[in-house]
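J.: Here's a structure for you.
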Amino acid sequence: PIAACTKNLEAKDLSEMYDLHECGAVAFSAGLKGLQDPGLLLKTLQYLNAVNGTLIQIPIFHSIQPNALMNEGIVSTQLGLPGKPAIAEELMVHRDIELLAYTNSRLHITGISTAGSLELIRKAKARGINVTCSVTPYHLYFTDDDLKNYDTNLKSDPPLRTKADVDALQQGLKDGIIDCVASHHIPQHNDDKDCEFEYAKNGMITLQNVFGVISNILSLEKTVSILTETPRTIFKQALPEIKEGTAASLTMFVPEETYIFDRAMIRSLSFNSPFIGKKMKGKIIGTLHNNMINLATNE
């Protein structure tokens with residue numbers, strides 16, 4: 001389990017991290033907000049050393065262009081939408097890494113979206129700093145150019161960036177600088193997406209598309225590894241075994257088969273997916289979990 005590490009960010013009040021750890025929490029976060037206050041972040045990282053836990057951060061300074069609706073750049077200017085600059089993310093990544101080096105704690109940065117953030121993490125790892133990171137499937141697939149039709153399903157925080165950023169993130173995944181992929185699956189009610197772009201909520205459903213996106217970038221072996229082994233290693237969880245007497249937890253798929261993802265395939269109660277109509281690779285047949293076989297509706 002992952003526990004929220006703050007009860008009240010304004011009050012600079014940490015939660016009972018030690019007690020939460022004793023109850024099984026292995027990682028802590030401030031949810032979608034990310035810790036904004038450097039003093040609170042420093043205290044959190046220091047406390048984590050007592051429980052050998054990991055802090056998860058979404059890297060975005062909300063005070064920089066708080067009314068932004070997308071990435072700041074040529075496309076935002078063309079669309080007339082306020083943009084969030086890359087520095088709002090990269091500044092937080094830099095700050096967090098330096099405080100991490102000072103405290104010698106453990107940090108996982110999730111949802112990185114810029115080439116600059118990737119380079120900062122690359123250099124930090126070269127310095128021996130204990131930082132890991134993950135990227136979302138939509139930051140690997142879409143760019144801010146895809147927002148030209150004002151598709152609210154593509155509205156996210158951090159926002160979609162440029163093609164150069166997407167290319168860098170894909171290469172970072174291949175190089176191993178990016179440790180794993182996090183779905184950042186955020187269902188939204190239709191009323192919160194079927195509206196003007198300005199009023200639409202951030203987030204999209206992605207769970208069914210993580211495998212299909214990564215399979216187009218990495219080998220099958222690497223894809224399976226970063227979805228199953230690496231996250232468990234980062235958060236110090238036991239690796240599952242396939243052997244007699246253990247509970248089976250398996251996903252069945254056809255690695256090379258391609259298909260078009262359509263609305264009828266969605267298993268979520270929400271349908272805010274920009275992947276509808278997109279070509280995916282690696283067709284999921286079903287899962288075996290908790291002694292139940294669940295077949296996918298891919299036909």
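In the structure tokens, chains take the letters A, B, ... in the order shown, each chain's residues start at 1, and ligands count up from 1 in the order shown.
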Can you list, as a list in words, every protein, DNA or RNA residue that comes within 8 Å of Leu295 in chain A when you count only C-alpha atoms, leaving out same-chain residues fewer than 5 positions away?
T.: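 Returned residues: Ile285, Gly286 and Thr287 of chain A.
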J.: Give me every alpha helix (DSSP H) residue in range 71-277 of chain A, going by DSSP on the backbone, as a VMD selection string.
T.: chain A and resid 74 to 79 87 to 103 115 to 126 137 to 141 163 to 175 210 to 214 220 to 228 230 to 234
J.: I'd like to know which of A:Tyr199, A:Tyr141, A:Tyr150, A:Phe235 is closest to Gly212 in chain A, using only C-alpha atoms.
T.: A:Tyr141
J.: Please provide the set of residues having any atom within 10 Å of Ser105 in chain A, restricted to only C-alpha atoms, with same-chain residues fewer than 5 positions apart removed, written as a PyMOL selection string.
T.: chain A and resi 42+44-50+52-55+99-100+129-131
J.: Just the number, please: distance in Å from CA of Glu257 in chain A to CA of Asn290 in chain A, one decimal.
T.: 26.9 Å
J.: Write out as a ChimeraX atom specification all residues of range 73-290 of chain A that DSSP puts in strand (DSSP E) for this structure's backbone.
T.: /A:83-84,107-110,131-135,180-181,250-260,279-289
J.: Restricting the calculation to only C-alpha atoms, which member of A:Ile177, A:Glu72, A:Ser273, A:Val254 is positioned closest to Lys123 in chain A?
T.: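 Smallest separation from Lys123 in chain A among the options: A:Ile177.
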J.: Rounded to one decimal, what separation in Å do you get between CA of Gly34 in chain A and CA of Gln65 in chain A?
T.: 15.8 Å
J.: Using only C-alpha atoms for the distances, tell me which of A:Lys279, A:Lys155, A:His184, A:Arg95 is nearest to Ser134 in chain A.
T.: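 Counting only C-alpha atoms, the residue closest to Ser134 in chain A is A:His184.
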J.: Go through A:Glu198, A:Asp19, A:Asp179, A:Asp192 one by one, measure the shortest atom-to-atom distance of each to Thr136 in chain A using only C-alpha atoms, and give the residue with the smallest value.
T.: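 Residue with the minimum atom-to-atom distance to Thr136 in chain A: A:Asp179.
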J.: Counting only C-alpha atoms, figure out which residue out of A:Ala247, A:Lys84, A:Asn294, A:Gly282 gets nearest to Arg267 in chain A.
T.: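 Among A:Ala247, A:Lys84, A:Asn294, A:Gly282, it is A:Asn294 that comes nearest to Arg267 in chain A.
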J.: Taking only C-alpha atoms into account, name the residue in A:Met17, A:Met252, A:Leu269, A:Ala124 that is nearest to Ala101 in chain A.
T.: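 Going through A:Met17, A:Met252, A:Leu269, A:Ala124 one by one, the smallest distance to Ala101 in chain A is for A:Ala124.
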J.: Any idea what's packed within 8 Å of Asp165 in chain A, counting only C-alpha atoms, ignoring anything in its chain fewer than 6 positions away? Could you give it as a ChimeraX atom specification?
T.: /A:113-115
J.: For His139 in chain A, please output as a list in words all residues within 9 Å (counting only C-alpha atoms; exclusion window: fewer than 6 positions along the same chain).
T.: Gly111, Ile112, Ser113, Thr114, Pro159, Leu160, Arg161, Asp165, Val166 and Leu169 of chain A
J.: Take the residues just selected and output them with all heavy atoms as a PDB file, in the first residue's frame.
T.:
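Listing of out_28.pdb after writing:
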ATOM      1  N   GLY A 111       5.623  10.311 -13.539  1.00  0.00           N
ATOM      2  CA  GLY A 111       4.959  11.193 -14.496  1.00  0.00           C
ATOM      3  C   GLY A 111       5.861  12.253 -15.093  1.00  0.00           C
ATOM      4  O   GLY A 111       5.382  13.319 -15.470  1.00  0.00           O
ATOM      5  N   ILE A 112       7.159  11.979 -15.224  1.00  0.00           N
ATOM      6  CA  ILE A 112       8.023  12.964 -15.862  1.00  0.00           C
ATOM      7  C   ILE A 112       7.585  13.140 -17.315  1.00  0.00           C
ATOM      8  O   ILE A 112       7.141  12.191 -17.959  1.00  0.00           O
ATOM      9  CB  ILE A 112       9.519  12.579 -15.787  1.00  0.00           C
ATOM     10  CG1 ILE A 112       9.815  11.310 -16.579  1.00  0.00           C
ATOM     11  CG2 ILE A 112       9.976  12.417 -14.346  1.00  0.00           C
ATOM     12  CD1 ILE A 112      11.294  11.040 -16.772  1.00  0.00           C
ATOM     13  N   SER A 113       7.724  14.369 -17.818  1.00  0.00           N
ATOM     14  CA  SER A 113       7.184  14.628 -19.155  1.00  0.00           C
ATOM     15  C   SER A 113       8.127  15.393 -20.071  1.00  0.00           C
ATOM     16  O   SER A 113       7.797  15.597 -21.238  1.00  0.00           O
ATOM     17  CB  SER A 113       5.871  15.411 -19.036  1.00  0.00           C
ATOM     18  OG  SER A 113       6.089  16.712 -18.519  1.00  0.00           O
ATOM     19  N   THR A 114       9.290  15.810 -19.588  1.00  0.00           N
ATOM     20  CA  THR A 114      10.178  16.615 -20.422  1.00  0.00           C
ATOM     21  C   THR A 114      11.565  15.985 -20.569  1.00  0.00           C
ATOM     22  O   THR A 114      12.018  15.238 -19.698  1.00  0.00           O
ATOM     23  CB  THR A 114      10.351  18.038 -19.855  1.00  0.00           C
ATOM     24  OG1 THR A 114      11.233  17.996 -18.716  1.00  0.00           O
ATOM     25  CG2 THR A 114       9.018  18.652 -19.449  1.00  0.00           C
ATOM     26  N   PRO A 159       1.216  18.323 -18.307  1.00  0.00           N
ATOM     27  CA  PRO A 159       0.576  18.301 -19.627  1.00  0.00           C
ATOM     28  C   PRO A 159       1.384  17.523 -20.655  1.00  0.00           C
ATOM     29  O   PRO A 159       2.558  17.201 -20.437  1.00  0.00           O
ATOM     30  CB  PRO A 159       0.516  19.788 -19.999  1.00  0.00           C
ATOM     31  CG  PRO A 159       1.716  20.371 -19.330  1.00  0.00           C
ATOM     32  CD  PRO A 159       1.833  19.632 -18.021  1.00  0.00           C
ATOM     33  N   LEU A 160       0.747  17.226 -21.763  1.00  0.00           N
ATOM     34  CA  LEU A 160       1.462  16.624 -22.892  1.00  0.00           C
ATOM     35  C   LEU A 160       2.484  17.618 -23.409  1.00  0.00           C
ATOM     36  O   LEU A 160       2.205  18.811 -23.511  1.00  0.00           O
ATOM     37  CB  LEU A 160       0.486  16.254 -24.005  1.00  0.00           C
ATOM     38  CG  LEU A 160      -0.619  15.261 -23.638  1.00  0.00           C
ATOM     39  CD1 LEU A 160      -1.575  15.081 -24.811  1.00  0.00           C
ATOM     40  CD2 LEU A 160      -0.035  13.929 -23.206  1.00  0.00           C
ATOM     41  N   ARG A 161       3.665  17.134 -23.762  1.00  0.00           N
ATOM     42  CA  ARG A 161       4.742  18.020 -24.195  1.00  0.00           C
ATOM     43  C   ARG A 161       4.986  17.890 -25.698  1.00  0.00           C
ATOM     44  O   ARG A 161       4.135  17.447 -26.440  1.00  0.00           O
ATOM     45  CB  ARG A 161       6.009  17.697 -23.388  1.00  0.00           C
ATOM     46  CG  ARG A 161       5.843  17.804 -21.882  1.00  0.00           C
ATOM     47  CD  ARG A 161       5.618  19.213 -21.393  1.00  0.00           C
ATOM     48  NE  ARG A 161       5.587  19.298 -19.928  1.00  0.00           N
ATOM     49  CZ  ARG A 161       5.426  20.412 -19.256  1.00  0.00           C
ATOM     50  NH1 ARG A 161       5.265  21.564 -19.878  1.00  0.00           N
ATOM     51  NH2 ARG A 161       5.401  20.391 -17.930  1.00  0.00           N
ATOM     52  N   ASP A 165      10.238  15.960 -26.721  1.00  0.00           N
ATOM     53  CA  ASP A 165      10.153  15.391 -25.374  1.00  0.00           C
ATOM     54  C   ASP A 165       9.730  13.927 -25.434  1.00  0.00           C
ATOM     55  O   ASP A 165      10.293  13.079 -24.734  1.00  0.00           O
ATOM     56  CB  ASP A 165       9.155  16.188 -24.525  1.00  0.00           C
ATOM     57  CG  ASP A 165       9.645  17.580 -24.185  1.00  0.00           C
ATOM     58  OD1 ASP A 165      10.780  17.710 -23.698  1.00  0.00           O
ATOM     59  OD2 ASP A 165       8.894  18.548 -24.402  1.00  0.00           O
ATOM     60  N   VAL A 166       8.742  13.621 -26.267  1.00  0.00           N
ATOM     61  CA  VAL A 166       8.277  12.236 -26.402  1.00  0.00           C
ATOM     62  C   VAL A 166       9.401  11.338 -26.907  1.00  0.00           C
ATOM     63  O   VAL A 166       9.622  10.234 -26.391  1.00  0.00           O
ATOM     64  CB  VAL A 166       7.058  12.153 -27.344  1.00  0.00           C
ATOM     65  CG1 VAL A 166       6.707  10.700 -27.646  1.00  0.00           C
ATOM     66  CG2 VAL A 166       5.863  12.860 -26.724  1.00  0.00           C
ATOM     67  N   LEU A 169      11.805  10.715 -24.070  1.00  0.00           N
ATOM     68  CA  LEU A 169      11.262   9.798 -23.073  1.00  0.00           C
ATOM     69  C   LEU A 169      11.291   8.358 -23.572  1.00  0.00           C
ATOM     70  O   LEU A 169      11.613   7.430 -22.813  1.00  0.00           O
ATOM     71  CB  LEU A 169       9.834  10.204 -22.710  1.00  0.00           C
ATOM     72  CG  LEU A 169       9.658  11.534 -21.968  1.00  0.00           C
ATOM     73  CD1 LEU A 169       8.189  11.839 -21.770  1.00  0.00           C
ATOM     74  CD2 LEU A 169      10.390  11.528 -20.634  1.00  0.00           C
TER      75      LEU A 169
END
J.: For Ile121 in chain A, please output as a PyMOL selection string all residues within 8 Å (counting only C-alpha atoms; exclusion window: fewer than 3 positions along the same chain).
T.: chain A and resi 93+97+117-118+124-125+131-133+177
J.: Create the file for the chosen residues now, containing C-alpha atoms and written as a PDB file, in the first residue's frame.
T.:
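Okay, result01.pdb is ready:
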ATOM      1  CA  VAL A  93      12.911  17.694 -10.234  1.00  0.00           C
ATOM      2  CA  ILE A  97      17.134  15.606  -6.353  1.00  0.00           C
ATOM      3  CA  SER A 117      13.650  16.220 -16.386  1.00  0.00           C
ATOM      4  CA  LEU A 118      15.030  13.040 -17.907  1.00  0.00           C
ATOM      5  CA  ALA A 124      21.576  12.174 -10.612  1.00  0.00           C
ATOM      6  CA  LYS A 125      21.830   8.436 -11.181  1.00  0.00           C
ATOM      7  CA  VAL A 131      16.332   8.256  -7.372  1.00  0.00           C
ATOM      8  CA  THR A 132      14.046   6.284  -9.667  1.00  0.00           C
ATOM      9  CA  CYS A 133      11.401   7.505 -12.080  1.00  0.00           C
ATOM     10  CA  ILE A 177      17.047   5.754 -17.232  1.00  0.00           C
TER      11      ILE A 177
END
J.: Within 10 Å of Ser215 in chain A, counting only C-alpha atoms, which residues qualify if same-chain residues fewer than 6 places away don't, as number ranges by chain?
T.: A: 209, 221-224, 255-256, 280-282
J.: Taking N, CA and C atoms for each residue, export the selection above as an mmCIF file, in the first residue's frame.
T.:
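The resulting file, again_7.cif, is shown below:
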data_model
loop_
_atom_site.group_PDB
_atom_site.id
_atom_site.type_symbol
_atom_site.label_atom_id
_atom_site.label_comp_id
_atom_site.auth_asym_id
_atom_site.auth_seq_id
_atom_site.Cartn_x
_atom_site.Cartn_y
_atom_site.Cartn_z
ATOM 1 N N ASN A 209 -4.225 0.248 -21.771
ATOM 2 C CA ASN A 209 -3.358 0.640 -22.883
ATOM 3 C C ASN A 209 -1.876 0.664 -22.542
ATOM 4 N N GLU A 221 10.467 -8.983 -23.684
ATOM 5 C CA GLU A 221 11.094 -9.297 -22.404
ATOM 6 C C GLU A 221 11.240 -8.045 -21.541
ATOM 7 N N LYS A 222 11.664 -6.938 -22.155
ATOM 8 C CA LYS A 222 11.836 -5.699 -21.411
ATOM 9 C C LYS A 222 10.492 -5.140 -20.980
ATOM 10 N N THR A 223 9.497 -5.251 -21.835
ATOM 11 C CA THR A 223 8.157 -4.773 -21.494
ATOM 12 C C THR A 223 7.620 -5.482 -20.261
ATOM 13 N N VAL A 224 7.710 -6.799 -20.260
ATOM 14 C CA VAL A 224 7.226 -7.585 -19.118
ATOM 15 C C VAL A 224 8.011 -7.230 -17.857
ATOM 16 N N PRO A 255 1.652 -11.603 -28.138
ATOM 17 C CA PRO A 255 2.623 -10.507 -28.184
ATOM 18 C C PRO A 255 2.610 -9.666 -29.451
ATOM 19 N N GLU A 256 2.557 -10.285 -30.621
ATOM 20 C CA GLU A 256 2.728 -9.544 -31.872
ATOM 21 C C GLU A 256 1.420 -9.121 -32.525
ATOM 22 N N MET A 280 -2.931 -0.610 -31.284
ATOM 23 C CA MET A 280 -2.174 -1.154 -30.173
ATOM 24 C C MET A 280 -1.474 -2.445 -30.603
ATOM 25 N N LYS A 281 -0.406 -2.777 -29.900
ATOM 26 C CA LYS A 281 0.322 -4.018 -30.173
ATOM 27 C C LYS A 281 0.365 -4.858 -28.903
ATOM 28 N N GLY A 282 0.074 -6.145 -29.055
ATOM 29 C CA GLY A 282 0.064 -7.042 -27.914
ATOM 30 C C GLY A 282 -1.352 -7.198 -27.390
#
J.: Give me, please, the distance in Å between CA of Thr152 in chain A and CA of Gly172 in chain A, quoted to one decimal.
T.: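 A separation of 27.5 Å between them.
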